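Engineer: Have a look at this one.
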6 protein chains.
Amino acid sequence: MAKIGVYPGSFDPITQGHLDIIKRASKFCDKLIVAVLKNSRKSPIFTEQERVELIRRSVTGIDNLEIESFDGLLADYVRKKDAQIIIRGLRAMSDFEYEFQMALTNKKLNPEAETVFLTTDINYMYLSSSIVRDVAKNGGDISEFVPAEIKETVENKLRNI
Amino acid sequence: MAKIGVYPGSFDPITQGHLDIIKRASKFCDKLIVAVLKNSRKSPIFTEQERVELIRRSVTGIDNLEIESFDGLLADYVRKKDAQIIIRGLRAMSDFEYEFQMALTNKKLNPEAETVFLTTDINYMYLSSSIVRDVAKNGGDISEFVPAEIKETVENKLRNI
Amino acid sequence: MAKIGVYPGSFDPITQGHLDIIKRASKFCDKLIVAVLKNSRKSPIFTEQERVELIRRSVTGIDNLEIESFDGLLADYVRKKDAQIIIRGLRAMSDFEYEFQMALTNKKLNPEAETVFLTTDINYMYLSSSIVRDVAKNGGDISEFVPAEIKETVENKLRNI
Amino acid sequence: MAKIGVYPGSFDPITQGHLDIIKRASKFCDKLIVAVLKNSRKSPIFTEQERVELIRRSVTGIDNLEIESFDGLLADYVRKKDAQIIIRGLRAMSDFEYEFQMALTNKKLNPEAETVFLTTDINYMYLSSSIVRDVAKNGGDISEFVPAEIKETVENKLRNI
Amino acid sequence: MAKIGVYPGSFDPITQGHLDIIKRASKFCDKLIVAVLKNSRKSPIFTEQERVELIRRSVTGIDNLEIESFDGLLADYVRKKDAQIIIRGLRAMSDFEYEFQMALTNKKLNPEAETVFLTTDINYMYLSSSIVRDVAKNGGDISEFVPAEIKETVENKLRNI
Amino acid sequence: MAKIGVYPGSFDPITQGHLDIIKRASKFCDKLIVAVLKNSRKSPIFTEQERVELIRRSVTGIDNLEIESFDGLLADYVRKKDAQIIIRGLRAMSDFEYEFQMALTNKKLNPEAETVFLTTDINYMYLSSSIVRDVAKNGGDISEFVPAEIKETVENKLRNI
């Protein structure tokens with residue numbers, strides 16, 4: 001049976017760290033769904049459509065990929081997509097506890113799906129979407145932080161907030 | 001001298017994890033006061049009265065219990081109630097640092113009171129009031145997360161926000 | 001292409017926590033190799049043969065499983081077995097840093113293989129082989145800690161050290 | 001060449017813990033600039049001018065000190081001031097991850113500047129500006145938490161919010 | 001019913017941090033048993049008798065105290081002493097995970113006993129028996145680290161190893 | 001007054017991570033002393049002379065450097081060398097707690113000296129001397145882990161243990 005993975009997140013915007021996880025997870029899933037959380041608690045800066053579009057422009061050349069947005073419970077979404085694997089990237093320690101709590105809650109809500117964690121690439125260990133937003137807003141150079149294809153779009157949006 | 005314990009929190013709403021701590025702490029305190037923080041920084045979803053009432057319906061059968069709400073400094077409240085022990089439950093690591101900081105601050109403000117920590121029951125280690133709210137809001141099943149007596153009330157409130 | 005996973009460890013002895021990881025990982029790998037580290041730094045109590053045999057008796061009913069022992073670098077072993085995935089279970093925070101360090105080192109040594117982490121089942125979160133050994137040595141009951149099939153063998157060995 | 005250090009922060013308000021870091025860092029920098037972040041994400045309670053003034057009244061007797069406010073990227077500010085060292089105080093673990101992430105980001109943005117961390121004095125390990133604000137707002141005694149010179153000013157402001 | 005607490009440890013040797021926990025726990029237990037672990041994994045420097053004796057000389061003036069040594073499982077020892085409470089001190093984060101694991105294991109082995117944690121006094125947060133041993137062995141001054149009553153004995157023993 | 005820094009460690013052997021710290025610390029100290037701990041608790045594989053020599057061959061081109069070995073208390077050694085600054089590198093979280101404890105102890109023993117922490121370069125975040133030893137012993141490639149000047153020497157020693 002084909003193994004379907006779901007990689008959920010806010011992607012506000014996608015970073016080099018996210019892109020690295022997408023590339024690596026796409027190798028051991030038969031299909032990988034990048035699932036953009038519509039209305040996260042974090043009040044995203046980029047709209048749902050913008051976040052999906054920024055991902056799309058960043059992932060050229062990966063075949064077994066779908067990009068979607070969703071809302072509601074992740075556990076329900078994963079069940080609806082017949083997925084068996086939830087993918088999450090981990091950066092050093094700060095993510096860990098929250099991720100653990102989410103994995104255990106999702107296990108309760110959907111025992112069929114397994115959350116698997118990948119270590120974030122060491123070069124992007126320090127990186128988060130909020131750092132990208134902070135640096136861009138203040139006129140800093142984000143070319144090491146986001147895929148080249150979207151750098152200009154991200155900068156234009158953030159410098160005009 | 002009778003030992004009086006205070007178990008402070010937002011209880012927005014009470015979870016199975018809170019209930020487990022209440023049961024265990026009530027065994028080694030002569031009197032245990034569950035103290036609902038009126039206006040926490042977290043802007044509670046349930047009103048003060050609702051939160052007190054949800055606790056009351058969950059703790060039937062425990063004799064040495066009082067349920068109250070309070071505001072102001074915990075250290076002052078504890079002094080006013082002639083309590084010697086502040087009870088806190090700990091879940092894995094994420095709570096730890098914040099709890100430690102609170103315990104040390106309260107020690108400075110009220111050296112007579114001792115904060116003691118219990119480990120949260122392993123089955124509720126992943127559980128928090130905010131997870132209950134998230135799952136209920138999105139139509140998920142919360143019967144493993146809150147006491148049976150309050151499940152329906154919590155669901156009704158949260159699905160209609 | 002078939003996805004081959006390797007689950008390395010000391011397994012000194014296998015615990016319910018290990019068994020849970022084996023069951024879950026066997027579902028998303030086409031083949032799972034449980035790889036017993038011959039000479040770990042920890043000076044195992046059970047011999048290599050005993051550790052392999054205790055695993056074999058615990059995993060009845062899982063088809064896509066091989067049990068082997070190995071020494072040398074994990075990264076080399078994984079390459080030799082044509083495996084793409086290294087499986088590791090995580091318990092709360094204590095394992096995390098060491099596991100991260102290992103994952104990043106193995107990535108350097110074998111960039112083809114991906115380490116994926118599963119959260120340990122919440123009921124075995126507190127459990128480690130060293131706790132099993134401590135409890136058994138002191139005559140405590142280990143029936144909640146190891147698979148029923150090996151309980152007696154483990155107790156006999158450890159009470160006579 | 002003279003070594004210039006920058007100690008950035010919100011200082012909302014300055015605490016005994018901040019003051020301790022200022023004293024210690026001023027000993028191994030030729031010049032130390034205390035840099036008040038104008039508009040932090042945290043929506044400060046004290047205005048930029050008030051925060052600068054509260055620092056000024058607390059640091060009497062330290063010669064090689066400048067107090068300034070800034071906005072924009074810290075990395076740019078540090079470059080503009082010809083500084084080589086960014087000073088940060090660390091309290092136990094909670095600060096650590098965020099600080100690490102900031103240090104690595106600033107290294108990317110300004111490779112010439114080095115972030116160095118000092119351990120917060122053990123007596124102020126539990127202390128933060130937000131604790132000072134909470135205690136003062138609720139009428140508690142903050143004389144152990146802030147320099148004597150500013151205690152009254154801080155209390156007056158916070159009790160009337 | 002009288003509440004009996006057990007405070008187990010290696011006490012190799014007792015430090016000011018241990019003494020602080022003993023004083024505070026003795027206030028909310030009717031009887032407190034300081035329980036010296038005979039043969040810990042750590043190969044103690046001081047003999048069982050020496051460790052008991054060093055505690056005895058340090059705790060003058062606390063009435064409701066017993067000092068004993070024990071071996072075997074703590075859970076069994078606590079049951080034998082009809083104790084309901086296991087006392088443990090916590091220093092910042094390093095102790096936390098191990099302590100949590102022990103508390104959950106002891107809960108499995110003796111569900112009647114409750115482990116409660118106290119925060120170590122902030123002045124002794126950095127302190128451990130192994131630091132005392134290291135400093136004393138190298139001729140450093142340990143008068144801030146151990147009770148005055150035992151300083152000389154500890155120094156004499158450790159300088160002659 | 002010239003600022004003298006001490007960078008203490010086992011250096012068993014020196015890694016790229018250590019070398020990076022040496023380079024960065026040498027820029028903000030007038031003189032930097034790399035201080036090799038003669039007899040650490042860890043029973044070093046390389047002799048004191050070898051460890052000093054491996055450092056010497058790795059640091060060519062840094063002028064303000066001295067390499068020495070020492071034993072006894074670091075706090076005493078730092079005093080003897082008239083140093084004001086103790087340098088330590090931090091890798092993610094695992095080092096942090098131990099380093100904090102050491103910094104606070106050294107502060108007690110020598111209040112004149114200040115411990116300052118640098119973040120390890122992100123590319124060497126995963127790296128430790130023990131990983132170098134493990135990889136080399138098992139015939140793995142250590143050229144990314146140690147300075148090129150000492151690669152062969154380290155491999156020869158470790159493959160023949």
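Naming works like this for the structure tokens: A, B, ... for the chains as they're shown, residue 1 at the start of each chain, ligands 1 onward in shown order.
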Can you list, as a PDB file with N, CA and C atoms, in the first residue's frame, every protein, DNA or RNA residue that comes within 10 Å of E:Thr60 when you count only C-alpha atoms, leaving out same-chain residues fewer than 5 positions away?
Structural biologist:
```
ATOM      1  N   ILE E  55      25.158  13.579  58.430  1.00  0.00           N
ATOM      2  CA  ILE E  55      23.799  14.151  58.465  1.00  0.00           C
ATOM      3  C   ILE E  55      23.411  14.444  59.910  1.00  0.00           C
ATOM      4  N   LEU E  65      12.693  14.086  63.116  1.00  0.00           N
ATOM      5  CA  LEU E  65      13.574  13.544  62.099  1.00  0.00           C
ATOM      6  C   LEU E  65      14.125  12.188  62.509  1.00  0.00           C
ATOM      7  N   GLU E 149      29.279  22.383  60.882  1.00  0.00           N
ATOM      8  CA  GLU E 149      29.597  21.293  61.804  1.00  0.00           C
ATOM      9  C   GLU E 149      30.436  20.194  61.165  1.00  0.00           C
TER      10      GLU E 149
END
```
Engineer: Enumerate, in order of chain and increasing residue number, the residues of chain E with an atom no farther than 10 Å from chain B, each with its shortest atom pair and distance in Å to one decimal, counting only C-alpha atoms, as a Markdown table.
Structural biologist:
```
| residue | atom | partner | partner_atom | distance |
| --- | --- | --- | --- | --- |
| E:Met1 | CA | B:Phe28 | CA | 9.7 |
| E:Ala2 | CA | B:Phe28 | CA | 9.6 |
| E:Lys3 | CA | B:Phe28 | CA | 7.1 |
| E:Ile4 | CA | B:Phe28 | CA | 9.8 |
| E:Arg24 | CA | B:Glu114 | CA | 7.6 |
| E:Ala25 | CA | B:Glu114 | CA | 8.8 |
| E:Lys27 | CA | B:Gln84 | CA | 9.0 |
| E:Phe28 | CA | B:Lys3 | CA | 7.1 |
| E:Cys29 | CA | B:Phe28 | CA | 9.2 |
| E:Asp30 | CA | B:Met1 | CA | 9.8 |
| E:Gln84 | CA | B:Phe28 | CA | 7.7 |
| E:Ile85 | CA | B:Phe28 | CA | 8.0 |
| E:Ile87 | CA | B:Val116 | CA | 9.3 |
| E:Arg88 | CA | B:Phe117 | CA | 9.6 |
| E:Gly89 | CA | B:Val116 | CA | 9.7 |
| E:Leu90 | CA | B:Phe100 | CA | 9.2 |
| E:Arg91 | CA | B:Phe100 | CA | 9.3 |
| E:Ala92 | CA | B:Glu97 | CA | 7.7 |
| E:Met93 | CA | B:Glu97 | CA | 7.7 |
| E:Phe96 | CA | B:Met93 | CA | 7.8 |
| E:Glu97 | CA | B:Ala92 | CA | 7.6 |
| E:Glu99 | CA | B:Thr119 | CA | 9.7 |
| E:Phe100 | CA | B:Thr119 | CA | 6.9 |
| E:Gln101 | CA | B:Thr119 | CA | 9.7 |
| E:Ala103 | CA | B:Thr119 | CA | 7.3 |
| E:Leu104 | CA | B:Ile122 | CA | 7.5 |
| E:Lys107 | CA | B:Asp121 | CA | 9.4 |
| E:Glu112 | CA | B:Arg24 | CA | 9.7 |
| E:Ala113 | CA | B:Arg24 | CA | 9.7 |
| E:Glu114 | CA | B:Arg24 | CA | 7.7 |
| E:Thr115 | CA | B:Leu118 | CA | 6.5 |
| E:Val116 | CA | B:Leu118 | CA | 5.2 |
| E:Phe117 | CA | B:Phe117 | CA | 4.8 |
| E:Leu118 | CA | B:Val116 | CA | 5.2 |
| E:Thr119 | CA | B:Phe100 | CA | 6.9 |
| E:Thr120 | CA | B:Leu104 | CA | 9.2 |
| E:Asp121 | CA | B:Leu104 | CA | 8.2 |
| E:Ile122 | CA | B:Leu104 | CA | 7.6 |
```
Engineer: For B:Asp141, list every protein, DNA or RNA residue within 10 Å, evaluated using only C-alpha atoms, and leave out those in the same chain fewer than 5 positions away; present the list as a PyMOL selection string.
Structural biologist: (chain A and resi 108-109) or (chain B and resi 132+135-136+151+155)
Engineer: Output all heavy atoms for every residue in the selection just made, as a PDB file, in the first residue's frame.
Structural biologist:
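File written: result21.pdb
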```pdb
ATOM      1  N   LYS A 108      -4.022  10.165  20.205  1.00  0.00           N
ATOM      2  CA  LYS A 108      -5.308   9.904  20.874  1.00  0.00           C
ATOM      3  C   LYS A 108      -6.462  10.075  19.896  1.00  0.00           C
ATOM      4  O   LYS A 108      -7.420   9.310  19.890  1.00  0.00           O
ATOM      5  CB  LYS A 108      -5.520  10.895  22.037  1.00  0.00           C
ATOM      6  CG  LYS A 108      -4.764  10.588  23.298  1.00  0.00           C
ATOM      7  CD  LYS A 108      -5.552   9.635  24.204  1.00  0.00           C
ATOM      8  CE  LYS A 108      -4.727   9.283  25.439  1.00  0.00           C
ATOM      9  NZ  LYS A 108      -5.335   8.242  26.243  1.00  0.00           N
ATOM     10  N   LEU A 109      -6.376  11.117  19.067  1.00  0.00           N
ATOM     11  CA  LEU A 109      -7.484  11.468  18.187  1.00  0.00           C
ATOM     12  C   LEU A 109      -7.494  10.624  16.915  1.00  0.00           C
ATOM     13  O   LEU A 109      -8.539  10.413  16.310  1.00  0.00           O
ATOM     14  CB  LEU A 109      -7.412  12.959  17.832  1.00  0.00           C
ATOM     15  CG  LEU A 109      -7.579  13.937  19.008  1.00  0.00           C
ATOM     16  CD1 LEU A 109      -7.271  15.364  18.551  1.00  0.00           C
ATOM     17  CD2 LEU A 109      -8.981  13.883  19.586  1.00  0.00           C
TER      18      LEU A 109
ATOM     19  N   VAL B 132      -7.750  20.947  25.195  1.00  0.00           N
ATOM     20  CA  VAL B 132      -9.181  20.666  25.312  1.00  0.00           C
ATOM     21  C   VAL B 132      -9.983  21.683  24.485  1.00  0.00           C
ATOM     22  O   VAL B 132     -10.874  21.316  23.723  1.00  0.00           O
ATOM     23  CB  VAL B 132      -9.626  20.723  26.789  1.00  0.00           C
ATOM     24  CG1 VAL B 132     -11.147  20.707  26.899  1.00  0.00           C
ATOM     25  CG2 VAL B 132      -9.009  19.577  27.572  1.00  0.00           C
ATOM     26  N   VAL B 135      -9.468  21.117  20.622  1.00  0.00           N
ATOM     27  CA  VAL B 135     -10.140  19.918  20.111  1.00  0.00           C
ATOM     28  C   VAL B 135     -11.652  20.137  20.102  1.00  0.00           C
ATOM     29  O   VAL B 135     -12.327  19.850  19.108  1.00  0.00           O
ATOM     30  CB  VAL B 135      -9.743  18.677  20.937  1.00  0.00           C
ATOM     31  CG1 VAL B 135     -10.594  17.477  20.545  1.00  0.00           C
ATOM     32  CG2 VAL B 135      -8.259  18.360  20.740  1.00  0.00           C
ATOM     33  N   ALA B 136     -12.190  20.673  21.183  1.00  0.00           N
ATOM     34  CA  ALA B 136     -13.644  20.864  21.261  1.00  0.00           C
ATOM     35  C   ALA B 136     -14.143  21.866  20.216  1.00  0.00           C
ATOM     36  O   ALA B 136     -15.149  21.638  19.547  1.00  0.00           O
ATOM     37  CB  ALA B 136     -14.040  21.317  22.665  1.00  0.00           C
ATOM     38  N   LYS B 151     -18.335  17.064  30.360  1.00  0.00           N
ATOM     39  CA  LYS B 151     -18.031  16.950  28.921  1.00  0.00           C
ATOM     40  C   LYS B 151     -19.022  17.748  28.062  1.00  0.00           C
ATOM     41  O   LYS B 151     -18.635  18.567  27.236  1.00  0.00           O
ATOM     42  CB  LYS B 151     -18.054  15.478  28.522  1.00  0.00           C
ATOM     43  CG  LYS B 151     -17.884  15.217  27.035  1.00  0.00           C
ATOM     44  CD  LYS B 151     -17.815  13.721  26.758  1.00  0.00           C
ATOM     45  CE  LYS B 151     -17.753  13.444  25.259  1.00  0.00           C
ATOM     46  NZ  LYS B 151     -19.031  13.655  24.570  1.00  0.00           N
ATOM     47  N   GLU B 155     -18.307  21.100  25.723  1.00  0.00           N
ATOM     48  CA  GLU B 155     -18.495  21.035  24.269  1.00  0.00           C
ATOM     49  C   GLU B 155     -19.488  22.086  23.779  1.00  0.00           C
ATOM     50  O   GLU B 155     -19.245  22.769  22.783  1.00  0.00           O
ATOM     51  CB  GLU B 155     -18.971  19.645  23.855  1.00  0.00           C
ATOM     52  CG  GLU B 155     -17.840  18.613  23.903  1.00  0.00           C
ATOM     53  CD  GLU B 155     -18.308  17.207  23.523  1.00  0.00           C
ATOM     54  OE1 GLU B 155     -19.535  17.020  23.352  1.00  0.00           O
ATOM     55  OE2 GLU B 155     -17.460  16.317  23.415  1.00  0.00           O
TER      56      GLU B 155
END
```
Engineer: Please, which residues of stretch 29-129 of chain D, numbered as in this document, come out strand (DSSP E) from DSSP, as a list in words?
Structural biologist: Lys31, Leu32, Ile33, Val34, Ala35, Val36, Leu37, Leu65, Glu66, Ile67, Glu68, Ser69, Phe70, Ile85, Ile86, Ile87, Arg88, Gly89, Leu90, Glu114, Thr115, Val116, Phe117, Leu118 and Thr119 of chain D
Engineer: Using only C-alpha atoms, which residues sit within 9 Å of F:Pro147 once same-chain residues fewer than 5 positions away are excluded, as a list in words?
Structural biologist: Ile14, Thr15, Gln16, Leu19, Arg57 and Ser58 of chain F
Engineer: Just to confirm, what's the straight-line distance from atom CA of B:Ser26 to atom CA of B:Asn64 in Å (one decimal)?
Structural biologist: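 These atoms are spaced 6.8 Å apart.
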Engineer: If you run DSSP on the backbone here, which positions in stretch 51-109 of chain E get helix (DSSP H, G or I)? Please write them as a PyMOL selection string.
Structural biologist: chain E and resi 51-58+74-80+96-109
Engineer: Those residues with N, CA, C and O atoms, as an mmCIF file, in the first residue's frame please?
Structural biologist:
```
data_model
loop_
_atom_site.group_PDB
_atom_site.id
_atom_site.type_symbol
_atom_site.label_atom_id
_atom_site.label_comp_id
_atom_site.auth_asym_id
_atom_site.auth_seq_id
_atom_site.Cartn_x
_atom_site.Cartn_y
_atom_site.Cartn_z
ATOM 1 N N ARG E 51 28.264 8.764 56.178
ATOM 2 C CA ARG E 51 27.232 9.622 55.598
ATOM 3 C C ARG E 51 26.081 9.858 56.577
ATOM 4 O O ARG E 51 25.565 10.964 56.714
ATOM 5 N N VAL E 52 25.669 8.800 57.288
ATOM 6 C CA VAL E 52 24.633 8.949 58.315
ATOM 7 C C VAL E 52 25.110 9.896 59.407
ATOM 8 O O VAL E 52 24.383 10.807 59.830
ATOM 9 N N GLU E 53 26.341 9.718 59.832
ATOM 10 C CA GLU E 53 26.892 10.519 60.930
ATOM 11 C C GLU E 53 27.017 11.999 60.535
ATOM 12 O O GLU E 53 26.695 12.896 61.323
ATOM 13 N N LEU E 54 27.432 12.257 59.302
ATOM 14 C CA LEU E 54 27.554 13.646 58.833
ATOM 15 C C LEU E 54 26.186 14.324 58.802
ATOM 16 O O LEU E 54 26.065 15.512 59.122
ATOM 17 N N ILE E 55 25.158 13.579 58.430
ATOM 18 C CA ILE E 55 23.799 14.151 58.465
ATOM 19 C C ILE E 55 23.411 14.444 59.910
ATOM 20 O O ILE E 55 22.936 15.534 60.240
ATOM 21 N N ARG E 56 23.639 13.468 60.781
ATOM 22 C CA ARG E 56 23.244 13.621 62.181
ATOM 23 C C ARG E 56 23.838 14.897 62.786
ATOM 24 O O ARG E 56 23.154 15.656 63.474
ATOM 25 N N ARG E 57 25.114 15.151 62.504
ATOM 26 C CA ARG E 57 25.759 16.332 63.074
ATOM 27 C C ARG E 57 25.251 17.630 62.459
ATOM 28 O O ARG E 57 25.418 18.710 63.025
ATOM 29 N N SER E 58 24.618 17.548 61.286
ATOM 30 C CA SER E 58 24.179 18.761 60.583
ATOM 31 C C SER E 58 22.758 19.184 60.925
ATOM 32 O O SER E 58 22.376 20.324 60.647
ATOM 33 N N LEU E 74 13.509 1.723 46.604
ATOM 34 C CA LEU E 74 12.933 2.798 47.412
ATOM 35 C C LEU E 74 11.446 2.557 47.640
ATOM 36 O O LEU E 74 10.934 2.741 48.748
ATOM 37 N N ALA E 75 10.751 2.102 46.585
ATOM 38 C CA ALA E 75 9.303 1.886 46.695
ATOM 39 C C ALA E 75 8.975 0.892 47.814
ATOM 40 O O ALA E 75 7.995 1.064 48.542
ATOM 41 N N ASP E 76 9.793 -0.134 47.956
ATOM 42 C CA ASP E 76 9.569 -1.116 49.021
ATOM 43 C C ASP E 76 9.883 -0.521 50.395
ATOM 44 O O ASP E 76 9.165 -0.744 51.369
ATOM 45 N N TYR E 77 10.976 0.217 50.447
ATOM 46 C CA TYR E 77 11.382 0.842 51.711
ATOM 47 C C TYR E 77 10.303 1.791 52.218
ATOM 48 O O TYR E 77 9.948 1.791 53.400
ATOM 49 N N VAL E 78 9.752 2.589 51.322
ATOM 50 C CA VAL E 78 8.710 3.548 51.685
ATOM 51 C C VAL E 78 7.472 2.820 52.212
ATOM 52 O O VAL E 78 6.854 3.240 53.194
ATOM 53 N N ARG E 79 7.142 1.717 51.575
ATOM 54 C CA ARG E 79 5.992 0.922 52.023
ATOM 55 C C ARG E 79 6.233 0.380 53.432
ATOM 56 O O ARG E 79 5.363 0.453 54.294
ATOM 57 N N LYS E 80 7.437 -0.111 53.652
ATOM 58 C CA LYS E 80 7.790 -0.713 54.945
ATOM 59 C C LYS E 80 7.711 0.326 56.079
ATOM 60 O O LYS E 80 7.360 0.005 57.209
ATOM 61 N N PHE E 96 15.804 17.331 36.552
ATOM 62 C CA PHE E 96 14.376 17.173 36.384
ATOM 63 C C PHE E 96 13.981 15.875 35.699
ATOM 64 O O PHE E 96 13.100 15.147 36.168
ATOM 65 N N GLU E 97 14.617 15.566 34.602
ATOM 66 C CA GLU E 97 14.185 14.416 33.822
ATOM 67 C C GLU E 97 14.389 13.112 34.595
ATOM 68 O O GLU E 97 13.506 12.259 34.641
ATOM 69 N N TYR E 98 15.558 12.981 35.196
ATOM 70 C CA TYR E 98 15.834 11.787 35.983
ATOM 71 C C TYR E 98 14.843 11.650 37.126
ATOM 72 O O TYR E 98 14.304 10.573 37.397
ATOM 73 N N GLU E 99 14.561 12.768 37.786
ATOM 74 C CA GLU E 99 13.642 12.746 38.917
ATOM 75 C C GLU E 99 12.232 12.339 38.476
ATOM 76 O O GLU E 99 11.543 11.583 39.157
ATOM 77 N N PHE E 100 11.834 12.863 37.346
ATOM 78 C CA PHE E 100 10.521 12.541 36.804
ATOM 79 C C PHE E 100 10.404 11.047 36.527
ATOM 80 O O PHE E 100 9.412 10.404 36.874
ATOM 81 N N GLN E 101 11.434 10.500 35.925
ATOM 82 C CA GLN E 101 11.456 9.083 35.582
ATOM 83 C C GLN E 101 11.372 8.233 36.860
ATOM 84 O O GLN E 101 10.620 7.264 36.921
ATOM 85 N N MET E 102 12.129 8.628 37.868
ATOM 86 C CA MET E 102 12.096 7.916 39.146
ATOM 87 C C MET E 102 10.708 8.001 39.781
ATOM 88 O O MET E 102 10.179 7.015 40.296
ATOM 89 N N ALA E 103 10.121 9.201 39.737
ATOM 90 C CA ALA E 103 8.803 9.389 40.361
ATOM 91 C C ALA E 103 7.761 8.515 39.690
ATOM 92 O O ALA E 103 6.928 7.881 40.359
ATOM 93 N N LEU E 104 7.810 8.427 38.362
ATOM 94 C CA LEU E 104 6.819 7.629 37.644
ATOM 95 C C LEU E 104 7.050 6.139 37.881
ATOM 96 O O LEU E 104 6.095 5.363 38.017
ATOM 97 N N THR E 105 8.311 5.734 37.959
ATOM 98 C CA THR E 105 8.606 4.327 38.253
ATOM 99 C C THR E 105 8.148 3.969 39.661
ATOM 100 O O THR E 105 7.502 2.935 39.880
ATOM 101 N N ASN E 106 8.451 4.833 40.612
ATOM 102 C CA ASN E 106 8.046 4.552 41.989
ATOM 103 C C ASN E 106 6.524 4.520 42.137
ATOM 104 O O ASN E 106 5.987 3.742 42.920
ATOM 105 N N LYS E 107 5.840 5.352 41.364
ATOM 106 C CA LYS E 107 4.368 5.336 41.348
ATOM 107 C C LYS E 107 3.843 3.975 40.878
ATOM 108 O O LYS E 107 2.869 3.447 41.420
ATOM 109 N N LYS E 108 4.483 3.408 39.861
ATOM 110 C CA LYS E 108 4.101 2.082 39.363
ATOM 111 C C LYS E 108 4.331 1.027 40.449
ATOM 112 O O LYS E 108 3.532 0.116 40.640
ATOM 113 N N LEU E 109 5.467 1.146 41.143
ATOM 114 C CA LEU E 109 5.862 0.110 42.096
ATOM 115 C C LEU E 109 5.159 0.268 43.443
ATOM 116 O O LEU E 109 4.981 -0.690 44.174
#
```
Engineer: If you measure from atom CA of B:Glu144 to atom CA of B:Ile62, what distance in Å do you get, rounded to one decimal?
Structural biologist: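 According to the coordinates, atom CA of B:Glu144 and atom CA of B:Ile62 are separated by 21.0 Å.
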Engineer: Please report the interatomic distance between atom CA of B:Lys23 and atom CA of E:Glu66 in Å with one decimal.
Structural biologist: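 Calculated distance between atom CA of B:Lys23 and atom CA of E:Glu66 is 28.5 Å.
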Engineer: Please list as a PyMOL selection string every residue within 10 Å of E:Asp12, counting only C-alpha atoms and excluding residues in the same chain fewer than 6 positions away.
Structural biologist: chain E and resi 36-37+42-48+50-52+54-55+128-130+132-133+154
